[in-house]
file model-v9.cif (mmCIF, C-alpha atoms)
data_input
loop_
_atom_site.group_PDB
_atom_site.id
_atom_site.type_symbol
_atom_site.label_atom_id
_atom_site.label_comp_id
_atom_site.auth_asym_id
_atom_site.auth_seq_id
_atom_site.Cartn_x
_atom_site.Cartn_y
_atom_site.Cartn_z
ATOM 1 C CA MET A 1 65.732 99.709 128.910
ATOM 2 C CA ARG A 2 68.401 98.316 126.640
ATOM 3 C CA GLY A 3 67.017 100.334 123.707
ATOM 4 C CA ALA A 4 66.997 103.488 125.796
ATOM 5 C CA THR A 5 70.622 102.905 126.748
ATOM 6 C CA VAL A 6 71.577 102.545 123.097
ATOM 7 C CA LEU A 7 69.791 105.798 122.268
ATOM 8 C CA VAL A 8 71.624 107.623 125.063
ATOM 9 C CA LEU A 9 74.971 106.265 123.841
ATOM 10 C CA MET A 10 74.171 107.279 120.266
ATOM 11 C CA ALA A 11 73.274 110.767 121.420
ATOM 12 C CA LEU A 12 76.527 111.048 123.380
ATOM 13 C CA ALA A 13 78.531 109.839 120.401
ATOM 14 C CA ALA A 14 76.840 112.346 118.116
ATOM 15 C CA ALA A 15 77.705 115.112 120.531
ATOM 16 C CA VAL A 16 81.448 114.458 120.309
ATOM 17 C CA PRO A 17 83.054 117.037 118.013
ATOM 18 C CA ALA A 18 84.449 115.479 114.847
ATOM 19 C CA SER A 19 87.889 116.818 115.660
ATOM 20 C CA ALA A 20 87.932 114.847 118.922
ATOM 21 C CA ARG A 21 86.992 111.514 117.379
ATOM 22 C CA SER A 22 89.830 109.140 116.778
ATOM 23 C CA GLU A 23 89.681 107.973 113.202
ATOM 24 C CA ARG A 24 90.561 104.398 112.420
ATOM 25 C CA PRO A 25 94.289 104.190 111.699
ATOM 26 C CA ILE A 26 94.943 103.203 108.099
ATOM 27 C CA PHE A 27 97.097 100.339 109.376
ATOM 28 C CA GLU A 28 93.940 98.539 110.490
ATOM 29 C CA THR A 29 92.643 98.669 106.918
ATOM 30 C CA LEU A 30 95.985 97.595 105.519
ATOM 31 C CA GLU A 31 96.354 94.723 108.006
ATOM 32 C CA GLY A 32 96.845 91.327 106.371
ATOM 33 C CA ASP A 33 98.148 90.067 103.062
ATOM 34 C CA TRP A 34 98.195 91.835 99.697
ATOM 35 C CA GLU A 35 99.399 90.710 96.290
ATOM 36 C CA ALA A 36 100.150 92.384 92.964
ATOM 37 C CA ALA A 37 100.839 90.705 89.666
ATOM 38 C CA GLY A 38 102.164 92.926 86.928
ATOM 39 C CA MET A 39 105.030 95.355 86.903
ATOM 40 C CA ALA A 40 107.327 96.398 89.715
ATOM 41 C CA PHE A 41 110.322 98.647 89.175
ATOM 42 C CA ARG A 42 109.319 98.543 85.480
ATOM 43 C CA GLN A 43 109.801 94.793 85.239
ATOM 44 C CA PRO A 44 107.348 91.873 85.255
ATOM 45 C CA ALA A 45 106.999 90.726 88.828
ATOM 46 C CA THR A 46 104.741 89.490 91.583
ATOM 47 C CA SER A 47 104.752 91.634 94.706
ATOM 48 C CA PHE A 48 103.581 90.793 98.204
ATOM 49 C CA MET A 49 102.802 92.925 101.243
ATOM 50 C CA ARG A 50 101.920 91.830 104.751
ATOM 51 C CA TRP A 51 100.924 94.376 107.397
ATOM 52 C CA GLU A 52 100.646 93.186 110.994
ATOM 53 C CA ARG A 53 100.880 94.313 114.593
ATOM 54 C CA VAL A 54 104.081 93.163 116.303
ATOM 55 C CA LEU A 55 106.224 93.709 119.400
ATOM 56 C CA GLY A 56 103.382 93.542 121.859
ATOM 57 C CA GLY A 57 101.182 95.741 119.688
ATOM 58 C CA LYS A 58 103.567 98.699 119.971
ATOM 59 C CA PHE A 59 104.488 98.624 116.282
ATOM 60 C CA TRP A 60 102.980 97.872 112.903
ATOM 61 C CA ARG A 61 105.271 95.893 110.618
ATOM 62 C CA LEU A 62 105.292 95.814 106.825
ATOM 63 C CA ASN A 63 106.981 92.916 105.063
ATOM 64 C CA TYR A 64 107.371 93.732 101.369
ATOM 65 C CA ARG A 65 108.678 91.288 98.788
ATOM 66 C CA ILE A 66 109.074 91.439 95.014
ATOM 67 C CA ASP A 67 109.660 88.259 93.039
ATOM 68 C CA PHE A 68 110.868 89.290 89.603
ATOM 69 C CA ALA A 69 109.851 87.158 86.636
ATOM 70 C CA ASN A 70 113.345 87.405 85.219
ATOM 71 C CA PRO A 71 115.366 84.815 87.153
ATOM 72 C CA GLU A 72 118.483 86.890 86.572
ATOM 73 C CA THR A 73 117.095 89.788 88.582
ATOM 74 C CA SER A 74 117.649 89.555 92.302
ATOM 75 C CA ASP A 75 114.401 89.579 94.239
ATOM 76 C CA PHE A 76 113.696 92.452 96.588
ATOM 77 C CA GLU A 77 112.723 92.228 100.236
ATOM 78 C CA GLY A 78 112.140 94.978 102.769
ATOM 79 C CA VAL A 79 110.721 95.391 106.239
ATOM 80 C CA GLY A 80 109.335 98.485 107.926
ATOM 81 C CA TYR A 81 108.364 99.150 111.552
ATOM 82 C CA TYR A 82 105.947 101.974 112.423
ATOM 83 C CA LYS A 83 104.787 103.437 115.738
ATOM 84 C CA PRO A 84 102.756 106.523 116.682
ATOM 85 C CA ALA A 85 104.829 109.699 116.853
ATOM 86 C CA ALA A 86 104.747 112.145 119.705
ATOM 87 C CA SER A 87 104.005 114.887 117.176
ATOM 88 C CA GLY A 88 100.309 114.136 116.976
ATOM 89 C CA GLU A 89 97.384 112.185 115.604
ATOM 90 C CA GLY A 90 97.977 110.599 112.235
ATOM 91 C CA ARG A 91 101.742 110.931 112.570
ATOM 92 C CA TYR A 92 104.096 107.974 112.885
ATOM 93 C CA VAL A 93 107.809 107.308 112.970
ATOM 94 C CA GLY A 94 109.499 104.199 111.773
ATOM 95 C CA THR A 95 112.519 102.403 110.476
ATOM 96 C CA TRP A 96 113.108 100.517 107.227
ATOM 97 C CA ALA A 97 115.650 97.892 106.136
ATOM 98 C CA ASP A 98 115.841 96.186 102.764
ATOM 99 C CA SER A 99 117.809 93.850 100.565
ATOM 100 C CA THR A 100 119.607 96.689 98.774
ATOM 101 C CA GLY A 101 121.307 97.454 102.087
ATOM 102 C CA ASP A 102 119.188 100.528 102.719
ATOM 103 C CA LEU A 103 118.420 101.406 106.322
ATOM 104 C CA HIS A 104 116.243 104.486 106.789
ATOM 105 C CA ALA A 105 114.344 106.384 109.419
ATOM 106 C CA LEU A 106 110.724 106.964 108.376
ATOM 107 C CA ASP A 107 108.553 110.052 108.832
ATOM 108 C CA VAL A 108 104.976 108.959 108.250
ATOM 109 C CA THR A 109 101.590 110.643 107.829
ATOM 110 C CA ASP A 110 98.202 108.914 107.756
ATOM 111 C CA ASP A 111 95.339 111.007 106.361
ATOM 112 C CA GLY A 112 92.802 108.189 106.666
ATOM 113 C CA SER A 113 93.059 106.893 103.118
ATOM 114 C CA THR A 114 96.740 107.386 102.301
ATOM 115 C CA LEU A 115 99.872 106.544 104.207
ATOM 116 C CA THR A 116 102.769 108.754 103.108
ATOM 117 C CA THR A 117 106.218 107.638 104.175
ATOM 118 C CA LEU A 118 109.195 109.948 103.809
ATOM 119 C CA TRP A 119 112.523 108.157 104.020
ATOM 120 C CA GLY A 120 116.177 109.059 103.955
ATOM 121 C CA VAL A 121 117.859 112.412 104.351
ATOM 122 C CA PRO A 122 116.704 115.590 102.522
ATOM 123 C CA GLY A 123 119.431 116.801 100.205
ATOM 124 C CA GLU A 124 121.016 113.366 100.144
ATOM 125 C CA LYS A 125 119.111 110.184 99.374
ATOM 126 C CA TYR A 126 115.522 111.168 100.022
ATOM 127 C CA GLY A 127 112.357 109.452 98.894
ATOM 128 C CA ARG A 128 108.746 108.803 99.654
ATOM 129 C CA SER A 129 106.518 105.764 99.440
ATOM 130 C CA VAL A 130 102.766 106.286 99.292
ATOM 131 C CA TYR A 131 100.217 103.574 100.149
ATOM 132 C CA ALA A 132 96.842 104.803 98.887
ATOM 133 C CA LEU A 133 93.569 102.966 99.460
ATOM 134 C CA THR A 134 91.604 102.819 96.223
ATOM 135 C CA ALA A 135 87.843 102.888 95.670
ATOM 136 C CA ASP A 136 87.843 99.288 94.468
ATOM 137 C CA GLY A 137 89.346 97.966 97.688
ATOM 138 C CA GLY A 138 92.950 97.856 96.503
ATOM 139 C CA VAL A 139 96.120 99.627 97.542
ATOM 140 C CA LEU A 140 98.225 101.631 95.112
ATOM 141 C CA VAL A 141 101.866 101.830 96.160
ATOM 142 C CA THR A 142 104.066 104.440 94.528
ATOM 143 C CA ASP A 143 107.725 105.079 95.241
ATOM 144 C CA GLU A 144 109.542 108.278 94.391
ATOM 145 C CA ILE A 145 113.030 109.652 94.838
ATOM 146 C CA GLN A 146 113.839 113.345 95.108
ATOM 147 C CA ARG A 147 116.432 114.718 92.702
ATOM 148 C CA ASP A 148 117.192 118.431 92.406
ATOM 149 C CA GLY A 149 114.083 119.189 94.412
ATOM 150 C CA GLN A 150 111.834 117.236 92.069
ATOM 151 C CA TRP A 151 110.039 113.990 92.844
ATOM 152 C CA ARG A 152 110.751 111.247 90.337
ATOM 153 C CA GLN A 153 108.576 108.133 90.426
ATOM 154 C CA PHE A 154 110.464 104.861 90.070
ATOM 155 C CA ASN A 155 107.774 102.364 91.007
ATOM 156 C CA SER A 156 103.991 102.015 90.990
ATOM 157 C CA THR A 157 102.212 98.814 91.981
ATOM 158 C CA LYS A 158 98.514 98.104 92.476
ATOM 159 C CA PHE A 159 97.791 95.529 95.199
ATOM 160 C CA ARG A 160 94.688 93.472 95.842
ATOM 161 C CA ARG A 161 93.728 90.994 98.525
ATOM 162 C CA PRO A 162 94.925 87.547 97.455
ATOM 163 C CA ALA A 163 92.256 85.314 95.992
ATOM 164 C CA GLY A 164 90.831 82.641 98.250
ATOM 165 C CA MET B 165 123.105 90.622 82.594
ATOM 166 C CA ARG B 166 121.785 89.900 86.045
ATOM 167 C CA ALA B 167 124.128 92.420 87.562
ATOM 168 C CA VAL B 168 123.223 94.998 84.933
ATOM 169 C CA VAL B 169 119.477 94.689 85.554
ATOM 170 C CA ALA B 170 119.833 94.667 89.308
ATOM 171 C CA SER B 171 122.203 97.607 89.230
ATOM 172 C CA SER B 172 119.819 99.592 87.060
ATOM 173 C CA ILE B 173 117.008 99.116 89.544
ATOM 174 C CA LEU B 174 119.141 99.978 92.512
ATOM 175 C CA MET B 175 120.611 103.041 90.836
ATOM 176 C CA LEU B 176 117.111 104.239 90.015
ATOM 177 C CA ALA B 177 116.264 103.952 93.681
ATOM 178 C CA GLY B 178 119.546 105.562 94.575
ATOM 179 C CA ALA B 179 121.037 102.488 96.212
ATOM 180 C CA VAL B 180 124.259 101.752 94.412
ATOM 181 C CA ALA B 181 126.498 99.878 96.831
ATOM 182 C CA PRO B 182 126.845 96.220 95.872
ATOM 183 C CA ALA B 183 124.979 93.975 98.270
ATOM 184 C CA SER B 184 127.975 91.698 98.648
ATOM 185 C CA ALA B 185 129.991 94.553 100.096
ATOM 186 C CA ARG B 186 127.398 95.142 102.766
ATOM 187 C CA THR B 187 126.611 91.647 103.932
ATOM 188 C CA GLU B 188 130.069 90.225 104.563
ATOM 189 C CA ALA B 189 130.332 90.453 108.323
ATOM 190 C CA PRO B 190 132.202 87.571 109.936
ATOM 191 C CA ILE B 191 131.145 88.303 113.517
ATOM 192 C CA PHE B 192 127.500 87.907 112.541
ATOM 193 C CA ARG B 193 128.317 84.583 110.939
ATOM 194 C CA MET B 194 129.750 83.485 114.286
ATOM 195 C CA PHE B 195 126.613 84.722 116.049
ATOM 196 C CA GLU B 196 124.256 83.080 113.543
ATOM 197 C CA GLY B 197 121.686 80.726 115.038
ATOM 198 C CA ASP B 198 119.681 80.236 118.222
ATOM 199 C CA TRP B 199 120.933 81.024 121.727
ATOM 200 C CA VAL B 200 119.312 80.570 125.135
ATOM 201 C CA SER B 201 119.948 81.948 128.599
ATOM 202 C CA HIS B 202 118.264 80.676 131.749
ATOM 203 C CA GLY B 203 118.821 82.839 134.783
ATOM 204 C CA VAL B 204 118.434 86.507 135.452
ATOM 205 C CA ALA B 205 117.582 89.210 132.938
ATOM 206 C CA PHE B 206 117.158 92.808 133.989
ATOM 207 C CA GLU B 207 117.314 91.656 137.632
ATOM 208 C CA ARG B 208 114.408 89.189 137.213
ATOM 209 C CA SER B 209 114.247 85.434 136.733
ATOM 210 C CA ALA B 210 113.867 84.794 133.061
ATOM 211 C CA ARG B 211 114.313 82.566 130.061
ATOM 212 C CA THR B 212 115.827 84.489 127.172
ATOM 213 C CA ARG B 213 116.207 83.472 123.557
ATOM 214 C CA MET B 214 118.256 85.143 120.859
ATOM 215 C CA ASN B 215 118.271 84.409 117.184
ATOM 216 C CA TRP B 216 120.767 85.914 114.738
ATOM 217 C CA GLU B 217 120.119 85.373 111.052
ATOM 218 C CA PRO B 218 120.755 86.927 107.650
ATOM 219 C CA ALA B 219 118.141 89.522 106.777
ATOM 220 C CA PRO B 220 117.476 91.749 103.792
ATOM 221 C CA GLY B 221 120.618 93.805 103.307
ATOM 222 C CA GLY B 222 122.360 92.576 106.427
ATOM 223 C CA TRP B 223 121.628 90.727 109.657
ATOM 224 C CA ARG B 224 118.749 90.540 112.093
ATOM 225 C CA LEU B 225 118.657 89.910 115.838
ATOM 226 C CA ASP B 226 115.462 88.660 117.459
ATOM 227 C CA TYR B 227 115.629 88.899 121.274
ATOM 228 C CA ARG B 228 112.849 87.542 123.518
ATOM 229 C CA VAL B 229 112.694 87.497 127.287
ATOM 230 C CA ALA B 230 110.063 85.488 129.164
ATOM 231 C CA PHE B 231 110.032 86.445 132.828
ATOM 232 C CA VAL B 232 109.362 83.443 135.024
ATOM 233 C CA ASP B 233 108.785 85.233 138.312
ATOM 234 C CA ALA B 234 105.325 85.838 139.798
ATOM 235 C CA ALA B 235 104.770 88.985 137.759
ATOM 236 C CA GLY B 236 105.409 87.142 134.490
ATOM 237 C CA GLY B 237 105.275 89.014 131.219
ATOM 238 C CA GLY B 238 108.019 89.407 128.700
ATOM 239 C CA PHE B 239 110.017 91.587 126.390
ATOM 240 C CA HIS B 240 110.624 91.344 122.656
ATOM 241 C CA GLY B 241 113.087 93.323 120.576
ATOM 242 C CA VAL B 242 114.419 93.206 117.043
ATOM 243 C CA ALA B 243 117.498 94.776 115.505
ATOM 244 C CA PHE B 244 118.779 95.135 111.960
ATOM 245 C CA TYR B 245 122.426 95.630 111.097
ATOM 246 C CA ARG B 246 124.206 96.414 107.861
ATOM 247 C CA ALA B 247 127.896 96.925 107.204
ATOM 248 C CA ALA B 248 129.041 100.557 107.230
ATOM 249 C CA GLY B 249 132.770 100.267 106.682
ATOM 250 C CA GLU B 250 135.504 97.985 107.924
ATOM 251 C CA GLY B 251 134.306 96.521 111.220
ATOM 252 C CA LYS B 252 131.536 99.119 111.490
ATOM 253 C CA TYR B 253 127.793 98.718 111.225
ATOM 254 C CA ALA B 254 124.658 100.827 111.100
ATOM 255 C CA GLY B 255 121.516 99.466 112.604
ATOM 256 C CA ALA B 256 118.100 100.037 114.069
ATOM 257 C CA TRP B 257 116.302 98.661 117.106
ATOM 258 C CA ALA B 258 112.593 98.364 117.954
ATOM 259 C CA ASP B 259 111.039 96.684 120.982
ATOM 260 C CA SER B 260 107.887 95.862 122.888
ATOM 261 C CA ASP B 261 108.452 98.798 125.239
ATOM 262 C CA GLY B 262 107.797 100.982 122.189
ATOM 263 C CA ASP B 263 111.423 102.056 122.033
ATOM 264 C CA MET B 264 113.042 102.583 118.648
ATOM 265 C CA HIS B 265 116.476 104.004 117.981
ATOM 266 C CA PRO B 266 119.378 103.883 115.536
ATOM 267 C CA ILE B 267 122.408 101.766 116.357
ATOM 268 C CA GLU B 268 126.059 102.541 115.660
ATOM 269 C CA ALA B 269 128.147 99.410 116.097
ATOM 270 C CA ARG B 270 131.617 98.061 115.586
ATOM 271 C CA ASP B 271 133.323 94.747 116.138
ATOM 272 C CA ASP B 272 136.831 93.719 117.106
ATOM 273 C CA GLY B 273 136.507 90.150 115.890
ATOM 274 C CA VAL B 274 135.043 88.652 119.055
ATOM 275 C CA THR B 275 132.842 91.436 120.449
ATOM 276 C CA LEU B 276 130.117 93.495 118.818
ATOM 277 C CA MET B 277 129.702 96.836 120.557
ATOM 278 C CA ALA B 278 126.345 98.371 119.719
ATOM 279 C CA HIS B 279 125.662 101.954 120.806
ATOM 280 C CA TRP B 280 122.059 103.126 121.111
ATOM 281 C CA VAL B 281 121.736 106.587 119.608
ATOM 282 C CA ARG B 282 119.260 109.346 120.431
ATOM 283 C CA ALA B 283 119.525 112.836 118.918
ATOM 284 C CA GLY B 284 122.923 111.857 117.538
ATOM 285 C CA GLU B 285 124.336 110.898 120.932
ATOM 286 C CA PRO B 286 124.830 107.462 122.503
ATOM 287 C CA TYR B 287 122.655 106.852 125.555
ATOM 288 C CA GLY B 288 123.165 103.144 125.975
ATOM 289 C CA ARG B 289 125.189 100.262 124.661
ATOM 290 C CA THR B 290 125.073 96.510 124.364
ATOM 291 C CA GLU B 291 128.105 94.297 123.993
ATOM 292 C CA TYR B 292 127.842 90.808 122.509
ATOM 293 C CA GLU B 293 131.049 88.959 123.318
ATOM 294 C CA LEU B 294 132.011 85.488 122.155
ATOM 295 C CA THR B 295 133.779 83.695 124.994
ATOM 296 C CA GLU B 296 136.415 80.965 124.878
ATOM 297 C CA ASP B 297 133.918 78.315 126.033
ATOM 298 C CA GLY B 298 131.625 79.055 123.075
ATOM 299 C CA SER B 299 129.137 81.151 124.998
ATOM 300 C CA LEU B 300 127.859 84.576 124.055
ATOM 301 C CA GLN B 301 128.012 87.132 126.856
ATOM 302 C CA VAL B 302 125.537 90.013 126.541
ATOM 303 C CA THR B 303 126.084 93.069 128.719
ATOM 304 C CA GLU B 304 124.114 96.310 128.611
ATOM 305 C CA TRP B 305 124.700 99.774 129.993
ATOM 306 C CA THR B 306 122.759 102.997 130.007
ATOM 307 C CA GLN B 307 124.202 106.464 130.345
ATOM 308 C CA ARG B 308 122.790 109.031 132.762
ATOM 309 C CA GLY B 309 124.459 112.245 133.744
ATOM 310 C CA GLY B 310 127.606 111.214 131.951
ATOM 311 C CA GLN B 311 127.880 108.001 133.958
ATOM 312 C CA TRP B 312 127.563 104.511 132.492
ATOM 313 C CA ARG B 313 125.542 102.055 134.581
ATOM 314 C CA GLN B 314 125.308 98.336 133.843
ATOM 315 C CA VAL B 315 121.663 97.258 133.567
ATOM 316 C CA ASN B 316 121.878 93.703 132.301
ATOM 317 C CA ASP B 317 124.356 90.846 132.034
ATOM 318 C CA GLN B 318 123.480 87.465 130.521
ATOM 319 C CA ARG B 319 125.392 84.459 129.312
ATOM 320 C CA PHE B 320 123.909 82.566 126.372
ATOM 321 C CA SER B 321 124.581 79.041 125.182
ATOM 322 C CA ARG B 322 123.825 77.555 121.810
ATOM 323 C CA GLN B 323 120.317 76.114 121.891
ATOM 324 C CA GLY B 324 120.453 72.357 122.235
ATOM 325 C CA THR B 325 123.910 72.274 123.795
#

call {"tool": "encode", "arguments": {"input": "model-v9.cif", "output": "structure tokens"}}
result
Amino acid sequence: MRGATVLVLMALAAAVPASARSERPIFETLEGDWEAAGMAFRQPATSFMRWERVLGGKFWRLNYRIDFANPETSDFEGVGYYKPAASGEGRYVGTWADSTGDLHALDVTDDGSTLTTLWGVPGEKYGRSVYALTADGGVLVTDEIQRDGQWRQFNSTKFRRPAG
Amino acid sequence: MRAVVASSILMLAGAVAPASARTEAPIFRMFEGDWVSHGVAFERSARTRMNWEPAPGGWRLDYRVAFVDAAGGGFHGVAFYRAAGEGKYAGAWADSDGDMHPIEARDDGVTLMAHWVRAGEPYGRTEYELTEDGSLQVTEWTQRGGQWRQVNDQRFSRQGT
């Protein structure tokens, strides 16, 4: 009887059109701690990310920190909050604050393997941060700023799960 | 050298204002620390805690309400503020109701007036007022149909006092 029930459920699941299935939000894959040793903002640094559900599960939060190897360079710290947007599946809105004094609204798209975050104001200070899952289980974070209609990359960091 | 390197990074990212110019905000220094309020919040019996502390680029408020009536439950909100001119601040709020909105705030030395903004227009406001007895009075209003209606009023004391 139990086996028959499983078969019925599998058949029902298979009958659901792909477009109606809710894909796993990328935040669930990103959840937890990440670390990157190497370069950040073109300087030797160790970078840390932590993604977690907060505020009663209504938001995902990113804590992002860069410890620069050069003690004369001020470390960087930022925090982002993300929640589903009314505009549809895979779309999110958010807000960002960081140690440079930046405070941005975020316009976010999740395509299942890449989270693309547009921040700032088009025509003024406008950038995007992309969090791409890689085939080897890492996350590649790239940051770009738009100048004269062109995207200019100013950071690229490859994260892995911390050892241990 | 430190300033040169840091400035280069920030300019590359387009953030050029010196951090020191954005974090000097005396009223937040007076708010800094833990506050508690035992009484009524949003017309329900509650214990409420506030924490103000320096945060990346400015200041952060953590606000938690634990309702102690039969229905229980709670509320949790966070806000970030950064200086945006003399006595003015820009901010953002997110909470466990799923609400998120920009904040436009100003202070007069003893009171921080924080307007909640939606589609460029204020639709609510919170005032954080330091009182002569060392308390922090928090009063909130929402705007409907052009009328302001008070929705919350709490008096906080320093935790441990």

call {"tool": "interface_residues", "arguments": {"input": "model-v9.cif", "of": "chain A", "to": "chain B", "cutoff": "8 Å", "atoms": "only C-alpha atoms", "output": "PyMOL selection string"}}
result
chain A and resi 41+55-59+72-74+77-78+81+83+94-95+97-103+125+145+154

call {"tool": "resolve_selection", "arguments": {"input": "model-v9.cif", "expression": "the PyMOL selection byres ((chain A and resi 162) around 6)", "output": "list in words"}}
result
Trp34, Glu35, Arg161 and Ala163 of chain A

call {"tool": "closest_residue", "arguments": {"input": "model-v9.cif", "among": "B:Gln318, B:Asp297, B:Val274, B:Thr290", "to": "B:Pro190", "atoms": "only C-alpha atoms"}}
result
B:Val274

call {"tool": "atom_distance", "arguments": {"input": "model-v9.cif", "atom1": "atom CA of A:Gly127", "atom2": "atom CA of A:Val79"}}
result
15.9 Å

call {"tool": "residues_around", "arguments": {"input": "model-v9.cif", "residues": "stretch 275-285 of chain B", "least_positions_apart": "4", "cutoff": "12 Å", "atoms": "all atoms listed in the file", "output": "number ranges by chain"}}
result
B: 189-192, 194-195, 243-245, 251-258, 263-271, 289-296, 299-307, 310

call {"tool": "resolve_selection", "arguments": {"input": "model-v9.cif", "expression": "the PyMOL selection byres ((chain A and resi 152) around 12)", "output": "VMD selection string"}}
result
(chain A and resid 126 to 129 142 to 151 153 to 156) or (chain B and resid 176 to 178)

call {"tool": "write_last_selection", "arguments": {"input": "model-v9.cif", "atoms": "C-alpha atoms", "output": "PDB file, in the coordinates of the input"}}
result
ATOM      1  CA  TYR A 126     115.522 111.168 100.022  1.00  0.00           C
ATOM      2  CA  GLY A 127     112.357 109.452  98.894  1.00  0.00           C
ATOM      3  CA  ARG A 128     108.746 108.803  99.654  1.00  0.00           C
ATOM      4  CA  SER A 129     106.518 105.764  99.440  1.00  0.00           C
ATOM      5  CA  THR A 142     104.066 104.440  94.528  1.00  0.00           C
ATOM      6  CA  ASP A 143     107.725 105.079  95.241  1.00  0.00           C
ATOM      7  CA  GLU A 144     109.542 108.278  94.391  1.00  0.00           C
ATOM      8  CA  ILE A 145     113.030 109.652  94.838  1.00  0.00           C
ATOM      9  CA  GLN A 146     113.839 113.345  95.108  1.00  0.00           C
ATOM     10  CA  ARG A 147     116.432 114.718  92.702  1.00  0.00           C
ATOM     11  CA  ASP A 148     117.192 118.431  92.406  1.00  0.00           C
ATOM     12  CA  GLY A 149     114.083 119.189  94.412  1.00  0.00           C
ATOM     13  CA  GLN A 150     111.834 117.236  92.069  1.00  0.00           C
ATOM     14  CA  TRP A 151     110.039 113.990  92.844  1.00  0.00           C
ATOM     15  CA  GLN A 153     108.576 108.133  90.426  1.00  0.00           C
ATOM     16  CA  PHE A 154     110.464 104.861  90.070  1.00  0.00           C
ATOM     17  CA  ASN A 155     107.774 102.364  91.007  1.00  0.00           C
ATOM     18  CA  SER A 156     103.991 102.015  90.990  1.00  0.00           C
TER      19      SER A 156
ATOM     20  CA  LEU B 176     117.111 104.239  90.015  1.00  0.00           C
ATOM     21  CA  ALA B 177     116.264 103.952  93.681  1.00  0.00           C
ATOM     22  CA  GLY B 178     119.546 105.562  94.575  1.00  0.00           C
TER      23      GLY B 178
END

call {"tool": "axis_aligned_box", "arguments": {"input": "model-v9.cif", "around": "stretch 67-74 of chain A", "padding_each_side": "6 Å", "output": "lines of an AutoDock Vina configuration file"}}
result
center_x = 114.1
center_y = 87.3
center_z = 89.1
size_x = 20.8
size_y = 17.0
size_z = 19.8

call {"tool": "residues_around", "arguments": {"input": "model-v9.cif", "residues": "A:Phe159", "least_positions_apart": "4", "cutoff": "9 Å", "atoms": "only C-alpha atoms", "output": "MDAnalysis selection string"}}
result
chainID A and resid 34:37 47:49 138:141

call {"tool": "atom_distance", "arguments": {"input": "model-v9.cif", "atom1": "atom CA of A:Trp60", "atom2": "atom CA of A:Asp75"}}
result
23.4 Å

call {"tool": "atom_distance", "arguments": {"input": "model-v9.cif", "atom1": "atom CA of A:Ala132", "atom2": "atom CA of A:Glu52"}}
result
17.2 Å

call {"tool": "resolve_selection", "arguments": {"input": "model-v9.cif", "expression": "the PyMOL selection byres ((chain B and resi 197-199) around 6)", "output": "ChimeraX atom specification"}}
result
/B:196,200,213-216,320-323

call {"tool": "closest_residue", "arguments": {"input": "model-v9.cif", "among": "B:Pro286, B:Glu250, B:Gly309, B:Ala230", "to": "B:Val204", "atoms": "all atoms listed in the file"}}
result
B:Ala230

call {"tool": "closest_residue", "arguments": {"input": "model-v9.cif", "among": "A:Leu30, A:Ala40, A:Ala85, A:Leu115", "to": "A:Asn63", "atoms": "only C-alpha atoms"}}
result
A:Leu30

call {"tool": "closest_residue", "arguments": {"input": "model-v9.cif", "among": "B:Gly273, B:Gln311, B:Arg211, B:Pro218", "to": "B:Gly237", "atoms": "only C-alpha atoms"}}
result
B:Arg211

call {"tool": "residues_around", "arguments": {"input": "model-v9.cif", "residues": "A:Ser113", "least_positions_apart": "4", "cutoff": "9 Å", "atoms": "all atoms listed in the file", "output": "list of chain:residue names"}}
result
A:Ile26, A:Tyr131, A:Ala132, A:Leu133, A:Thr134

call {"tool": "closest_residue", "arguments": {"input": "model-v9.cif", "among": "B:Arg308, B:Asp272, B:Gly298, B:Arg193", "to": "B:Glu217", "atoms": "only C-alpha atoms"}}
result
B:Arg193

call {"tool": "build_atoms", "arguments": {"input": "model-v9.cif", "residues": "stretch 57-65 of chain A", "atoms": "N, CA and C atoms", "output": "tab-separated table (two decimals), keeping the file's coordinate frame"}}
result
chain	number	residue	atom	x	y	z
A	57	GLY	N	102.16	94.76	120.16
A	57	GLY	CA	101.18	95.74	119.69
A	57	GLY	C	101.72	97.16	119.63
A	58	LYS	N	102.99	97.35	119.96
A	58	LYS	CA	103.57	98.70	119.97
A	58	LYS	C	103.93	99.19	118.57
A	59	PHE	N	104.08	98.26	117.64
A	59	PHE	CA	104.49	98.62	116.28
A	59	PHE	C	103.59	97.93	115.25
A	60	TRP	N	103.47	98.56	114.09
A	60	TRP	CA	102.98	97.87	112.90
A	60	TRP	C	104.19	97.51	112.05
A	61	ARG	N	104.16	96.32	111.47
A	61	ARG	CA	105.27	95.89	110.62
A	61	ARG	C	104.77	95.65	109.20
A	62	LEU	N	105.53	96.12	108.24
A	62	LEU	CA	105.29	95.81	106.82
A	62	LEU	C	106.40	94.91	106.33
A	63	ASN	N	106.04	93.75	105.82
A	63	ASN	CA	106.98	92.92	105.06
A	63	ASN	C	106.63	93.05	103.59
A	64	TYR	N	107.60	93.43	102.79
A	64	TYR	CA	107.37	93.73	101.37
A	64	TYR	C	108.34	92.90	100.54
A	65	ARG	N	107.81	92.15	99.60
A	65	ARG	CA	108.68	91.29	98.79
A	65	ARG	C	108.31	91.40	97.32
